[in-house]
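Enquirer: File structure_8.cif below, mmCIF, C-alpha atoms:
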data_query
loop_
_atom_site.label_atom_id
_atom_site.label_comp_id
_atom_site.auth_asym_id
_atom_site.auth_seq_id
_atom_site.Cartn_x
_atom_site.Cartn_y
_atom_site.Cartn_z
CA MET A 241 144.55 -7.97 56.17
CA HIS A 242 147.41 -9.91 57.73
CA GLU A 243 147.20 -11.29 61.29
CA GLY A 244 143.63 -9.97 61.70
CA LEU A 245 144.84 -6.42 62.40
CA ASN A 246 142.27 -3.73 63.09
CA GLN A 247 142.73 -1.61 59.96
CA LEU A 248 140.82 1.36 61.34
CA ALA A 249 143.35 1.77 64.17
CA PHE A 250 146.03 2.49 61.52
CA VAL A 251 143.68 4.83 59.67
CA TYR A 252 142.87 6.81 62.84
CA ALA A 253 146.56 7.09 63.72
CA ALA A 254 147.39 8.42 60.23
CA TYR A 255 144.55 10.97 60.37
CA ALA A 256 145.47 12.10 63.90
CA LEU A 257 149.09 12.68 62.87
CA GLY A 258 148.11 14.34 59.58
CA VAL A 259 145.53 16.72 61.05
CA GLY A 260 147.38 17.38 64.31
CA GLY A 261 150.75 17.90 62.66
CA THR A 262 149.39 20.17 59.94
CA LEU A 263 147.44 22.21 62.49
CA ALA A 264 150.57 22.61 64.64
CA LEU A 265 152.60 23.68 61.58
CA VAL A 266 149.99 26.28 60.55
CA LEU A 267 149.57 27.70 64.07
CA GLN A 268 153.33 27.86 64.73
CA SER A 269 153.98 29.60 61.38
CA TRP A 270 151.14 32.09 61.92
CA ALA A 271 152.17 32.89 65.52
CA ALA A 272 155.84 33.30 64.53
CA MET A 273 154.82 35.68 61.72
CA ARG A 274 152.68 37.79 64.05
CA ARG A 275 155.47 37.97 66.64
CA ALA A 276 158.13 38.90 64.04
CA GLU A 277 155.95 41.60 62.49
CA ALA A 278 155.12 43.03 65.93
CA ARG A 279 158.87 43.13 66.75
CA ARG A 280 159.49 45.02 63.48
CA GLU A 281 156.78 47.55 64.31
CA ARG A 282 158.20 48.07 67.81
CA SER A 283 161.71 48.60 66.41
CA ARG A 284 160.26 51.14 63.95
CA GLU A 285 158.54 53.09 66.73
CA GLN A 286 161.55 53.19 69.07
CA MET B 286 177.46 49.20 27.88
CA VAL B 287 176.03 46.21 29.78
CA LEU B 288 172.61 44.92 28.83
CA ASN B 289 170.77 43.42 31.79
CA ILE B 290 167.51 42.36 30.19
CA THR B 291 167.22 39.07 32.10
CA LYS B 292 167.32 40.74 35.48
CA ALA B 293 164.85 43.59 35.26
CA PRO B 294 161.37 41.97 35.14
CA MET B 295 162.10 39.41 37.87
CA HIS B 296 163.53 42.06 40.17
CA ASP B 297 160.37 44.15 39.75
CA TYR B 298 158.50 41.38 41.60
CA ALA B 299 161.34 40.78 44.05
CA ASN B 300 161.01 44.08 45.84
CA PRO B 301 160.20 43.21 49.50
CA ALA B 302 157.62 46.01 49.81
CA ARG B 303 155.89 44.79 46.65
CA PHE B 304 156.04 41.20 47.90
CA LEU B 305 154.43 42.23 51.21
CA ARG B 306 151.66 44.12 49.40
CA LEU B 307 150.88 40.87 47.55
CA ALA B 308 151.42 38.45 50.46
CA ARG B 309 149.54 40.28 53.24
CA PRO B 310 146.02 39.99 51.78
CA ILE B 311 146.37 36.37 50.62
CA THR B 312 148.13 34.62 53.53
CA ALA B 313 145.08 34.26 55.79
CA PRO B 314 142.64 33.36 52.95
CA LEU B 315 145.01 30.64 51.71
CA LEU B 316 145.18 29.16 55.21
CA LEU B 317 141.42 29.45 55.81
CA ILE B 318 140.28 28.09 52.44
CA GLY B 319 142.97 25.39 52.44
CA GLY B 320 142.12 24.41 56.02
CA ALA B 321 138.37 24.23 55.35
CA LEU B 322 138.82 22.21 52.14
CA THR B 323 141.32 19.84 53.75
CA LEU B 324 139.13 19.22 56.80
CA ALA B 325 136.05 18.66 54.62
CA VAL B 326 137.83 16.15 52.37
CA LEU B 327 139.45 14.34 55.29
CA ALA B 328 136.08 14.11 57.10
CA TRP B 329 134.59 12.66 53.92
CA GLY B 330 137.56 10.33 53.51
CA LEU B 331 137.28 9.07 57.07
CA LEU B 332 133.50 8.82 57.39
CA ARG B 333 131.93 8.54 53.92
CA ALA B 334 134.44 7.21 51.39
CA PRO B 335 133.83 3.54 50.54
CA ALA B 336 136.28 0.85 51.62
CA GLU B 337 138.32 -0.54 48.73
CA GLN B 338 137.94 -4.13 47.53
CA LEU B 339 141.58 -5.17 48.06
CA GLN B 340 142.95 -2.65 50.56
CA GLY B 341 139.85 -2.44 52.73
CA GLU B 342 139.66 0.46 55.19
CA THR B 343 143.35 1.35 54.88
CA VAL B 344 142.70 3.02 51.53
CA ARG B 345 141.48 6.07 53.52
CA ILE B 346 145.14 6.83 54.34
CA LEU B 347 145.49 7.72 50.63
CA PHE B 348 143.94 11.17 51.25
CA ILE B 349 146.80 12.14 53.56
CA HIS B 350 149.70 10.05 52.27
CA VAL B 351 149.61 11.12 48.61
CA PRO B 352 149.23 14.91 49.22
CA ALA B 353 152.05 14.64 51.79
CA ALA B 354 154.29 12.94 49.20
CA TRP B 355 153.36 15.56 46.59
CA LEU B 356 154.19 18.44 48.97
CA GLY B 357 157.35 16.78 50.28
CA MET B 358 158.64 16.74 46.69
CA GLY B 359 157.00 20.08 45.85
CA GLY B 360 158.79 21.75 48.76
CA TRP B 361 162.18 20.67 47.45
CA SER B 362 161.20 21.72 43.92
CA MET B 363 160.53 25.18 45.34
CA ILE B 364 163.90 25.17 47.14
CA ALA B 365 165.65 24.15 43.89
CA LEU B 366 163.90 26.82 41.79
CA ALA B 367 164.55 29.53 44.39
CA SER B 368 168.19 28.40 44.65
CA LEU B 369 168.60 28.57 40.88
CA SER B 370 167.02 32.02 40.92
CA GLU B 371 169.42 33.12 43.64
CA LEU B 372 172.53 31.74 41.96
CA VAL B 373 171.73 32.92 38.42
CA TRP B 374 169.75 36.15 38.89
CA ARG B 375 170.62 36.99 42.53
CA HIS B 376 166.91 37.37 43.19
CA PRO B 377 166.63 39.30 46.51
CA LEU B 378 163.80 37.14 47.93
CA ALA B 379 165.06 33.80 46.63
CA SER B 380 166.96 32.66 49.73
CA ILE B 381 164.01 33.70 51.90
CA ALA B 382 161.60 31.69 49.72
CA ALA B 383 163.86 28.63 49.84
CA ARG B 384 164.29 28.78 53.60
CA ALA B 385 160.54 29.33 54.09
CA ALA B 386 159.73 26.16 52.10
CA ALA B 387 162.23 23.95 53.96
CA LEU B 388 160.42 23.26 57.24
CA PRO B 389 156.95 22.66 55.71
CA GLY B 390 158.60 20.47 53.06
CA ALA B 391 160.41 18.47 55.75
CA PHE B 392 157.16 18.10 57.70
CA PHE B 393 155.27 16.72 54.68
CA ALA B 394 158.13 14.38 53.73
CA LEU B 395 158.06 13.00 57.30
CA LEU B 396 154.24 12.78 57.24
CA CYS B 397 154.49 10.83 53.97
CA LEU B 398 156.98 8.39 55.54
CA VAL B 399 154.96 7.90 58.73
CA THR B 400 151.57 7.50 57.02
CA GLY B 401 153.20 5.18 54.47
CA SER B 402 154.51 3.08 57.33
CA LEU B 403 151.05 3.02 58.94
CA TRP B 404 149.61 1.91 55.59
CA GLY B 405 152.36 -0.62 54.93
CA ARG B 406 151.94 -2.56 58.19
CA PRO B 407 148.40 -3.83 57.50
CA ALA B 408 148.81 -3.91 53.69
CA TRP B 409 152.30 -5.47 53.31
CA GLY B 410 152.80 -6.92 56.77
CA ALA B 411 155.85 -4.65 57.35
CA TRP B 412 156.35 -1.20 58.80
CA TRP B 413 159.30 -0.58 56.50
CA VAL B 414 161.09 -2.14 53.52
CA TRP B 415 164.36 -0.87 52.05
CA ASP B 416 163.12 -0.47 48.49
CA GLY B 417 163.79 2.37 46.07
CA ARG B 418 160.69 4.49 46.74
CA LEU B 419 160.81 4.40 50.53
CA THR B 420 164.57 4.82 50.72
CA SER B 421 164.69 7.76 48.30
CA MET B 422 161.87 9.46 50.25
CA LEU B 423 163.82 8.94 53.47
CA VAL B 424 166.87 10.47 51.74
CA LEU B 425 164.69 13.48 50.85
CA PHE B 426 163.78 13.93 54.52
CA PHE B 427 167.47 13.79 55.50
CA LEU B 428 168.25 16.34 52.75
CA TYR B 429 165.66 18.68 54.29
CA CYS B 430 167.27 18.27 57.74
CA ALA B 431 170.71 19.02 56.28
CA TYR B 432 169.37 22.03 54.34
CA LEU B 433 167.72 23.47 57.48
CA ALA B 434 170.95 23.08 59.47
CA LEU B 435 173.05 24.55 56.65
CA ALA B 436 170.73 27.52 56.05
CA ASP B 437 170.65 28.24 59.79
CA ALA B 438 174.45 28.03 60.09
CA THR B 439 175.13 30.22 57.04
CA GLU B 440 172.61 32.79 58.26
CA ARG B 441 174.35 33.00 61.63
CA ALA B 442 177.68 33.36 59.82
CA GLY B 443 176.34 36.52 58.15
CA GLN B 444 174.75 37.73 54.95
CA GLY B 445 176.32 36.78 51.65
CA ASN B 446 176.85 33.12 52.56
CA THR B 447 173.41 31.98 51.42
CA ARG B 448 174.95 30.70 48.17
CA ILE B 449 176.25 27.57 49.95
CA ALA B 450 172.70 26.56 50.93
CA ALA B 451 171.53 27.46 47.40
CA ILE B 452 174.10 25.12 45.81
CA PHE B 453 173.01 22.37 48.22
CA GLY B 454 169.34 23.03 47.33
CA LEU B 455 170.09 22.71 43.64
CA VAL B 456 172.21 19.55 43.95
CA GLY B 457 169.62 17.89 46.21
CA ALA B 458 167.04 18.17 43.40
CA VAL B 459 168.76 15.17 41.77
CA ASN B 460 166.80 13.04 44.26
CA LEU B 461 163.39 14.14 42.90
CA PRO B 462 163.42 12.13 39.62
CA ILE B 463 164.88 9.18 41.56
CA ILE B 464 161.84 9.24 43.90
CA HIS B 465 159.42 9.55 40.98
CA TYR B 466 160.89 6.80 38.80
CA SER B 467 162.03 4.47 41.61
CA VAL B 468 158.92 2.27 41.31
CA ILE B 469 159.54 1.91 37.56
CA TRP B 470 163.34 1.40 37.70
CA TRP B 471 163.39 -1.12 40.56
CA ASN B 472 161.16 -3.90 41.88
CA SER B 473 159.05 -2.47 44.66
CA LEU B 474 156.17 -3.34 46.96
CA HIS B 475 155.01 0.23 46.39
CA GLN B 476 152.49 0.60 43.59
CA VAL B 477 153.31 2.46 40.38
CA PRO B 478 151.83 5.98 39.93
CA SER B 479 148.03 5.95 39.54
CA ILE B 480 147.75 9.59 38.55
CA GLY B 481 149.38 10.96 35.44
CA MET B 482 148.37 12.46 32.14
CA SER B 483 145.84 9.61 31.75
CA ALA B 484 143.85 11.04 34.70
CA LEU B 485 143.53 14.37 32.90
CA ARG B 486 142.17 12.54 29.84
CA GLY B 487 139.59 10.86 32.09
CA ASN B 488 140.98 7.30 32.04
CA SER B 489 142.79 6.97 35.34
CA PRO B 490 143.13 3.45 36.78
CA MET B 491 141.78 4.92 40.05
CA ALA B 492 138.02 4.83 40.72
CA PRO B 493 136.42 8.30 40.35
CA GLU B 494 135.32 8.61 44.00
CA PHE B 495 138.92 8.13 45.15
CA LEU B 496 140.42 10.20 42.34
CA TYR B 497 138.25 13.29 42.94
CA GLY B 498 138.66 13.02 46.70
CA LEU B 499 142.41 12.74 46.28
CA LEU B 500 142.58 15.75 43.93
CA ALA B 501 140.50 17.83 46.39
CA ALA B 502 142.71 16.77 49.32
CA THR B 503 145.84 17.63 47.33
CA LEU B 504 144.41 21.06 46.48
CA GLY B 505 143.48 21.71 50.13
CA PHE B 506 146.89 20.70 51.47
CA SER B 507 148.61 22.69 48.69
CA LEU B 508 146.70 25.86 49.63
CA LEU B 509 147.73 25.31 53.26
CA PHE B 510 151.33 24.80 52.15
CA GLY B 511 151.21 28.05 50.16
CA GLY B 512 149.80 29.95 53.16
CA VAL B 513 152.44 28.49 55.50
CA VAL B 514 155.28 29.36 53.10
CA LEU B 515 154.01 32.94 52.75
CA ALA B 516 153.71 33.27 56.56
CA ARG B 517 157.26 31.97 57.00
CA MET B 518 158.58 34.31 54.27
CA ARG B 519 156.93 37.24 56.07
CA THR B 520 158.54 36.07 59.33
CA LEU B 521 162.03 35.89 57.82
CA LEU B 522 161.61 39.23 56.08
CA ALA B 523 160.37 40.95 59.26
CA ASP B 524 163.30 39.47 61.25
CA GLN B 525 165.79 40.70 58.64
CA GLN B 526 164.28 44.19 58.65
CA THR B 527 164.27 44.36 62.47
CA GLN B 528 167.90 43.23 62.67
CA ALA B 529 168.96 45.71 59.99
CA ARG B 530 167.23 48.53 61.85
CA LEU B 531 168.79 47.57 65.19
CA ARG B 532 172.25 47.27 63.58
CA ARG B 533 171.87 50.70 61.97
CA ARG B 534 170.80 52.21 65.30
CA ALA B 535 173.73 50.58 67.12
CA MET B 536 176.15 51.96 64.51
CA ASP B 537 174.60 55.43 64.85
CA HIS B 538 175.11 55.25 68.63
CA THR B 539 178.69 54.07 68.18
CA ASP B 540 179.45 56.89 65.72
CA GLY B 541 177.79 59.40 68.04
CA GLY B 542 179.74 58.08 71.05
CA GLY B 543 183.01 58.22 69.11
CA ALA B 544 182.35 61.84 68.09
CA ASP B 545 181.52 62.82 71.67
CA ALA B 546 184.72 61.24 72.95
#
Take the structure in this file and express it as C-alpha coordinates.

Expert:
Amino acid sequence: MHEGLNQLAFVYAAYALGVGGTLALVLQSWAAMRRAEARRERSREQ
Amino acid sequence: MVLNITKAPMHDYANPARFLRLARPITAPLLLIGGALTLAVLAWGLLRAPAEQLQGETVRILFIHVPAAWLGMGGWSMIALASLSELVWRHPLASIAARAAALPGAFFALLCLVTGSLWGRPAWGAWWVWDGRLTSMLVLFFLYCAYLALADATERAGQGNTRIAAIFGLVGAVNLPIIHYSVIWWNSLHQVPSIGMSALRGNSPMAPEFLYGLLAATLGFSLLFGGVVLARMRTLLADQQTQARLRRRAMDHTDGGGADA
(Lines of atoms letter the chains of each structure in order from A and count residues from 1; the text may use other names and numbers.)
(Lines give C-alpha, C1' and ligand atoms only; values in the text may rest on other atoms or scores of the structure.)
Protein backbone atom coordinates (compact mmCIF):
# COMPACT_ATOMS: atom_id res chain seq x y z
CA MET A 1 0.00 0.00 0.00
CA HIS A 2 2.63 2.49 1.10
CA GLU A 3 5.87 3.00 -0.88
CA GLY A 4 4.79 0.43 -3.50
CA LEU A 5 5.77 -2.51 -1.28
CA ASN A 6 5.29 -6.02 -2.60
CA GLN A 7 2.52 -7.19 -0.27
CA LEU A 8 2.92 -10.86 -1.16
CA ALA A 9 6.50 -10.87 0.17
CA PHE A 10 5.09 -10.05 3.65
CA VAL A 11 2.37 -12.68 3.25
CA TYR A 12 4.89 -15.38 2.27
CA ALA A 13 7.15 -14.48 5.20
CA ALA A 14 4.21 -14.73 7.65
CA TYR A 15 3.12 -18.11 6.23
CA ALA A 16 6.68 -19.49 6.24
CA LEU A 17 7.14 -18.51 9.90
CA GLY A 18 3.67 -19.75 10.88
CA VAL A 19 3.91 -23.14 9.16
CA GLY A 20 7.61 -23.71 9.86
CA GLY A 21 7.41 -22.64 13.50
CA THR A 22 4.28 -24.69 14.21
CA LEU A 23 5.77 -27.74 12.51
CA ALA A 24 8.97 -27.40 14.56
CA LEU A 25 6.92 -27.06 17.78
CA VAL A 26 4.85 -30.17 16.98
CA LEU A 27 7.85 -32.30 15.98
CA GLN A 28 9.94 -31.22 19.00
CA SER A 29 7.04 -31.93 21.41
CA TRP A 30 6.33 -35.33 19.84
CA ALA A 31 10.02 -36.38 19.78
CA ALA A 32 10.54 -35.24 23.40
CA MET A 33 7.46 -37.24 24.48
CA ARG A 34 8.67 -40.39 22.71
CA ARG A 35 12.15 -40.05 24.25
CA ALA A 36 10.77 -39.44 27.77
CA GLU A 37 8.38 -42.40 27.57
CA ALA A 38 11.16 -44.65 26.25
CA ARG A 39 13.39 -43.56 29.19
CA ARG A 40 10.56 -44.43 31.60
CA GLU A 41 10.15 -47.88 30.05
CA ARG A 42 13.91 -48.51 30.25
CA SER A 43 13.98 -47.47 33.91
CA ARG A 44 11.06 -49.84 34.58
CA GLU A 45 12.85 -52.77 32.95
CA GLN A 46 16.18 -52.23 34.72
CA MET B 1 -15.22 -34.95 60.82
CA VAL B 2 -13.92 -33.10 57.74
CA LEU B 3 -16.09 -32.97 54.65
CA ASN B 4 -14.04 -32.83 51.47
CA ILE B 5 -16.75 -32.72 48.83
CA THR B 6 -14.99 -30.19 46.59
CA LYS B 7 -11.91 -32.33 46.18
CA ALA B 8 -13.20 -35.78 45.33
CA PRO B 9 -14.61 -35.52 41.76
CA MET B 10 -11.72 -33.45 40.40
CA HIS B 11 -9.15 -35.80 41.88
CA ASP B 12 -10.86 -38.76 40.21
CA TYR B 13 -9.79 -37.26 36.86
CA ALA B 14 -6.40 -36.16 38.17
CA ASN B 15 -5.01 -39.64 38.61
CA PRO B 16 -1.93 -39.84 36.31
CA ALA B 17 -2.77 -43.38 35.16
CA ARG B 18 -6.31 -42.28 34.28
CA PHE B 19 -4.97 -39.19 32.52
CA LEU B 20 -2.60 -41.34 30.44
CA ARG B 21 -5.42 -43.71 29.49
CA LEU B 22 -7.30 -40.68 28.15
CA ALA B 23 -4.33 -38.83 26.62
CA ARG B 24 -2.58 -41.71 24.80
CA PRO B 25 -5.30 -42.43 22.22
CA ILE B 26 -6.09 -38.78 21.45
CA THR B 27 -2.66 -37.10 21.22
CA ALA B 28 -1.77 -38.31 17.71
CA PRO B 29 -5.31 -37.82 16.26
CA LEU B 30 -5.41 -34.24 17.59
CA LEU B 31 -2.07 -33.50 15.93
CA LEU B 32 -3.00 -35.23 12.65
CA ILE B 33 -6.50 -33.75 12.31
CA GLY B 34 -5.33 -30.32 13.49
CA GLY B 35 -2.34 -30.42 11.13
CA ALA B 36 -4.43 -31.48 8.11
CA LEU B 37 -7.13 -28.85 8.79
CA THR B 38 -4.57 -26.09 9.38
CA LEU B 39 -2.60 -26.90 6.23
CA ALA B 40 -5.80 -27.08 4.15
CA VAL B 41 -7.07 -23.71 5.42
CA LEU B 42 -3.68 -22.04 5.03
CA ALA B 43 -3.33 -23.39 1.47
CA TRP B 44 -6.78 -21.99 0.72
CA GLY B 45 -5.90 -18.71 2.43
CA LEU B 46 -2.70 -18.35 0.44
CA LEU B 47 -3.89 -19.54 -2.96
CA ARG B 48 -7.67 -19.18 -3.20
CA ALA B 49 -8.96 -16.58 -0.74
CA PRO B 50 -9.84 -13.28 -2.45
CA ALA B 51 -7.78 -10.15 -1.84
CA GLU B 52 -9.58 -7.59 0.32
CA GLN B 53 -10.69 -4.22 -1.04
CA LEU B 54 -8.73 -2.07 1.43
CA GLN B 55 -5.99 -4.36 2.74
CA GLY B 56 -5.23 -6.08 -0.54
CA GLU B 57 -3.15 -9.27 -0.37
CA THR B 58 -2.01 -8.70 3.22
CA VAL B 59 -5.42 -9.81 4.50
CA ARG B 60 -4.19 -13.41 4.02
CA ILE B 61 -2.02 -12.96 7.13
CA LEU B 62 -5.33 -12.93 9.08
CA PHE B 63 -5.50 -16.75 8.95
CA ILE B 64 -2.29 -17.06 10.97
CA HIS B 65 -2.25 -13.86 13.02
CA VAL B 66 -5.69 -14.17 14.64
CA PRO B 67 -5.42 -17.89 15.64
CA ALA B 68 -1.94 -17.11 17.04
CA ALA B 69 -3.38 -14.26 19.13
CA TRP B 70 -6.24 -16.49 20.32
CA LEU B 71 -3.83 -19.28 21.36
CA GLY B 72 -1.33 -16.88 22.90
CA MET B 73 -4.11 -15.68 25.22
CA GLY B 74 -5.65 -19.17 25.48
CA GLY B 75 -2.34 -20.61 26.67
CA TRP B 76 -2.17 -18.15 29.55
CA SER B 77 -5.84 -18.78 30.37
CA MET B 78 -4.93 -22.45 30.72
CA ILE B 79 -1.94 -21.58 32.94
CA ALA B 80 -4.20 -19.40 35.13
CA LEU B 81 -6.92 -22.06 35.45
CA ALA B 82 -4.38 -24.80 36.21
CA SER B 83 -2.66 -22.51 38.74
CA LEU B 84 -5.98 -21.80 40.46
CA SER B 85 -6.70 -25.52 40.51
CA GLU B 86 -3.29 -26.19 42.05
CA LEU B 87 -3.56 -23.49 44.70
CA VAL B 88 -7.17 -24.17 45.72
CA TRP B 89 -7.64 -27.92 45.20
CA ARG B 90 -3.99 -29.08 45.01
CA HIS B 91 -4.86 -30.88 41.80
CA PRO B 92 -1.99 -33.38 41.19
CA LEU B 93 -1.73 -32.70 37.43
CA ALA B 94 -2.29 -28.94 37.60
CA SER B 95 1.35 -27.82 37.66
CA ILE B 96 2.14 -30.25 34.84
CA ALA B 97 -0.74 -28.86 32.75
CA ALA B 98 0.38 -25.27 33.38
CA ARG B 99 4.00 -25.98 32.49
CA ALA B 100 2.95 -27.92 29.38
CA ALA B 101 0.93 -24.94 28.10
CA ALA B 102 3.70 -22.38 28.67
CA LEU B 103 6.03 -23.03 25.72
CA PRO B 104 3.28 -23.44 23.08
CA GLY B 105 1.58 -20.33 24.50
CA ALA B 106 4.84 -18.37 24.29
CA PHE B 107 5.37 -19.57 20.71
CA PHE B 108 1.90 -18.42 19.60
CA ALA B 109 2.25 -15.07 21.40
CA LEU B 110 5.55 -14.52 19.55
CA LEU B 111 4.00 -15.68 16.25
CA CYS B 112 1.17 -13.18 16.80
CA LEU B 113 3.69 -10.36 17.37
CA VAL B 114 5.84 -11.25 14.36
CA THR B 115 2.95 -11.78 11.92
CA GLY B 116 1.34 -8.58 13.24
CA SER B 117 4.56 -6.74 12.51
CA LEU B 118 4.68 -8.24 9.00
CA TRP B 119 1.08 -7.09 8.49
CA GLY B 120 1.66 -3.67 10.02
CA ARG B 121 4.55 -2.68 7.75
CA PRO B 122 2.57 -2.65 4.47
CA ALA B 123 -0.75 -1.70 6.11
CA TRP B 124 0.32 1.05 8.56
CA GLY B 125 3.76 1.89 7.20
CA ALA B 126 5.40 0.80 10.50
CA TRP B 127 6.80 -2.46 11.82
CA TRP B 128 5.82 -1.52 15.36
CA VAL B 129 3.85 1.12 17.28
CA TRP B 130 3.74 1.42 21.06
CA ASP B 131 -0.03 1.29 21.41
CA GLY B 132 -2.10 -0.59 23.97
CA ARG B 133 -2.79 -3.77 21.97
CA LEU B 134 0.75 -4.37 20.72
CA THR B 135 2.39 -3.44 24.01
CA SER B 136 0.09 -5.62 26.14
CA MET B 137 0.71 -8.56 23.77
CA LEU B 138 4.46 -8.00 24.10
CA VAL B 139 4.01 -7.97 27.89
CA LEU B 140 2.22 -11.33 27.58
CA PHE B 141 5.21 -12.78 25.73
CA PHE B 142 7.57 -11.51 28.46
CA LEU B 143 5.25 -13.04 31.09
CA TYR B 144 5.56 -16.39 29.32
CA CYS B 145 9.37 -16.11 29.32
CA ALA B 146 9.36 -15.28 33.04
CA TYR B 147 6.94 -18.14 33.80
CA LEU B 148 9.11 -20.65 31.90
CA ALA B 149 12.23 -19.51 33.79
CA LEU B 150 10.41 -19.56 37.14
CA ALA B 151 8.84 -22.99 36.59
CA ASP B 152 12.21 -24.39 35.52
CA ALA B 153 13.99 -22.89 38.54
CA THR B 154 11.37 -24.07 41.06
CA GLU B 155 11.40 -27.56 39.55
CA ARG B 156 15.17 -27.77 39.94
CA ALA B 157 14.81 -26.55 43.53
CA GLY B 158 12.63 -29.60 44.26
CA GLN B 159 9.01 -30.66 44.51
CA GLY B 160 6.63 -28.59 46.59
CA ASN B 161 7.82 -25.23 45.25
CA THR B 162 5.46 -25.21 42.27
CA ARG B 163 3.13 -22.86 44.18
CA ILE B 164 5.41 -19.88 43.39
CA ALA B 165 4.94 -20.42 39.64
CA ALA B 166 1.20 -20.99 40.23
CA ILE B 167 0.85 -17.62 42.01
CA PHE B 168 2.74 -15.96 39.13
CA GLY B 169 0.45 -17.71 36.61
CA LEU B 170 -2.62 -16.44 38.39
CA VAL B 171 -1.39 -12.85 38.80
CA GLY B 172 -0.27 -12.71 35.15
CA ALA B 173 -3.87 -13.34 34.05
CA VAL B 174 -4.58 -9.67 34.85
CA ASN B 175 -2.98 -8.91 31.47
CA LEU B 176 -5.62 -10.87 29.50
CA PRO B 177 -8.54 -8.40 29.84
CA ILE B 178 -6.07 -5.56 29.21
CA ILE B 179 -5.13 -7.15 25.85
CA HIS B 180 -8.77 -7.74 24.94
CA TYR B 181 -10.09 -4.28 25.82
CA SER B 182 -6.96 -2.29 24.87
CA VAL B 183 -8.38 -1.33 21.46
CA ILE B 184 -11.56 -0.06 23.13
CA TRP B 185 -9.93 1.74 26.09
CA TRP B 186 -7.17 3.51 24.12
CA ASN B 187 -6.74 5.00 20.65
CA SER B 188 -5.07 2.39 18.48
CA LEU B 189 -4.06 1.72 14.90
CA HIS B 190 -5.18 -1.86 15.56
CA GLN B 191 -8.76 -2.55 14.55
CA VAL B 192 -11.46 -3.35 17.11
CA PRO B 193 -12.59 -7.01 17.44
CA SER B 194 -14.44 -8.27 14.34
CA ILE B 195 -15.60 -11.50 15.93
CA GLY B 196 -17.86 -11.57 18.94
CA MET B 197 -21.35 -12.66 19.84
CA SER B 198 -22.60 -10.89 16.67
CA ALA B 199 -20.72 -13.49 14.55
CA LEU B 200 -22.64 -16.29 16.25
CA ARG B 201 -25.91 -14.52 15.41
CA GLY B 202 -24.79 -14.34 11.77
CA ASN B 203 -24.16 -10.58 11.52
CA SER B 204 -20.40 -10.27 11.77
CA PRO B 205 -18.81 -7.21 10.14
CA MET B 206 -16.40 -9.67 8.46
CA ALA B 207 -17.26 -11.06 5.01
CA PRO B 208 -18.36 -14.74 5.20
CA GLU B 209 -15.45 -16.12 3.13
CA PHE B 210 -12.96 -14.61 5.58
CA LEU B 211 -15.03 -15.42 8.66
CA TYR B 212 -15.46 -19.14 7.88
CA GLY B 213 -11.83 -19.47 6.80
CA LEU B 214 -10.72 -17.78 10.02
CA LEU B 215 -12.93 -20.02 12.19
CA ALA B 216 -11.57 -23.14 10.42
CA ALA B 217 -7.97 -21.94 10.85
CA THR B 218 -8.60 -21.22 14.53
CA LEU B 219 -10.08 -24.70 15.01
CA GLY B 220 -7.11 -26.33 13.22
CA PHE B 221 -4.50 -24.44 15.24
CA SER B 222 -6.46 -25.10 18.46
CA LEU B 223 -6.46 -28.87 17.81
CA LEU B 224 -2.70 -28.69 17.20
CA PHE B 225 -2.28 -26.72 20.42
CA GLY B 226 -4.29 -29.35 22.32
CA GLY B 227 -2.16 -32.17 20.87
CA VAL B 228 1.09 -30.34 21.69
CA VAL B 229 -0.04 -29.65 25.28
CA LEU B 230 -1.00 -33.30 25.78
CA ALA B 231 2.38 -34.45 24.35
CA ARG B 232 4.23 -32.07 26.67
CA MET B 233 2.15 -33.21 29.68
CA ARG B 234 3.04 -36.82 28.85
CA THR B 235 6.72 -35.81 28.61
CA LEU B 236 6.71 -34.10 32.01
CA LEU B 237 4.82 -36.97 33.61
CA ALA B 238 7.18 -39.59 32.16
CA ASP B 239 10.22 -37.58 33.35
CA GLN B 240 8.76 -37.30 36.85
CA GLN B 241 8.04 -41.03 36.99
CA THR B 242 11.54 -41.92 35.73
CA GLN B 243 13.19 -39.63 38.27
CA ALA B 244 11.05 -40.99 41.11
CA ARG B 245 11.97 -44.55 40.14
CA LEU B 246 15.69 -43.76 39.92
CA ARG B 247 15.58 -41.93 43.28
CA ARG B 248 13.82 -44.89 44.90
CA ARG B 249 16.40 -47.29 43.46
CA ALA B 250 19.30 -45.10 44.65
CA MET B 251 17.80 -44.99 48.16
CA ASP B 252 17.37 -48.78 48.14
CA HIS B 253 21.04 -49.16 47.19
CA THR B 254 22.09 -46.71 49.90
CA ASP B 255 20.02 -48.54 52.53
CA GLY B 256 21.40 -51.88 51.34
CA GLY B 257 24.98 -50.55 51.41
CA GLY B 258 24.48 -49.13 54.91
CA ALA B 259 23.15 -52.47 56.17
CA ASP B 260 26.07 -54.35 54.62
CA ALA B 261 28.57 -52.01 56.25

Enquirer: Find the residues of chain A in contact range of chain B, meaning any atom within 6 Å when counting only C-alpha atoms, and list them as a ChimeraX atom specification.

Expert: /A:241,247,250-251,254,269,273,276-277,280

Enquirer: Between CA of Tyr252 in chain A and CA of Pro478 in chain B, what is the spacing in Å?

Expert: 24.6 Å

Enquirer: Interatomic distance between CA of Val373 in chain B and CA of Asn446 in chain B?

Expert: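 Calculated distance between CA of Val373 in chain B and CA of Asn446 in chain B is 15.0 Å.
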
Enquirer: Any idea what's packed within 12 Å of range 381-383 of chain B, counting only C-alpha atoms, ignoring anything in its chain fewer than 5 positions away? Could you give it as number ranges by chain?

Expert: B: 299, 301, 304, 359-371, 375-376, 388-390, 429, 432-433, 436-437, 440, 444, 447-448, 450-455, 511, 513-525

Enquirer: Pick the closest to Ile469 in chain B from B:Arg418, B:Arg441, B:Arg333, B:Arg532: which is it, counting only C-alpha atoms?

Expert: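 Nearest candidate to Ile469 in chain B out of B:Arg418, B:Arg441, B:Arg333, B:Arg532: B:Arg418.
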
Enquirer: Can you tell me how far CA of Leu263 in chain A sits from CA of Leu356 in chain B, in Å to one decimal?

Expert: 15.6 Å

Enquirer: Ranking B:Ala386, B:Leu395, B:Leu461, B:Leu474 by minimum distance to Trp413 in chain B and counting only C-alpha atoms, which one comes first?

Expert: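 Checking each candidate against Trp413 in chain B, we get B:Leu474 as the closest.
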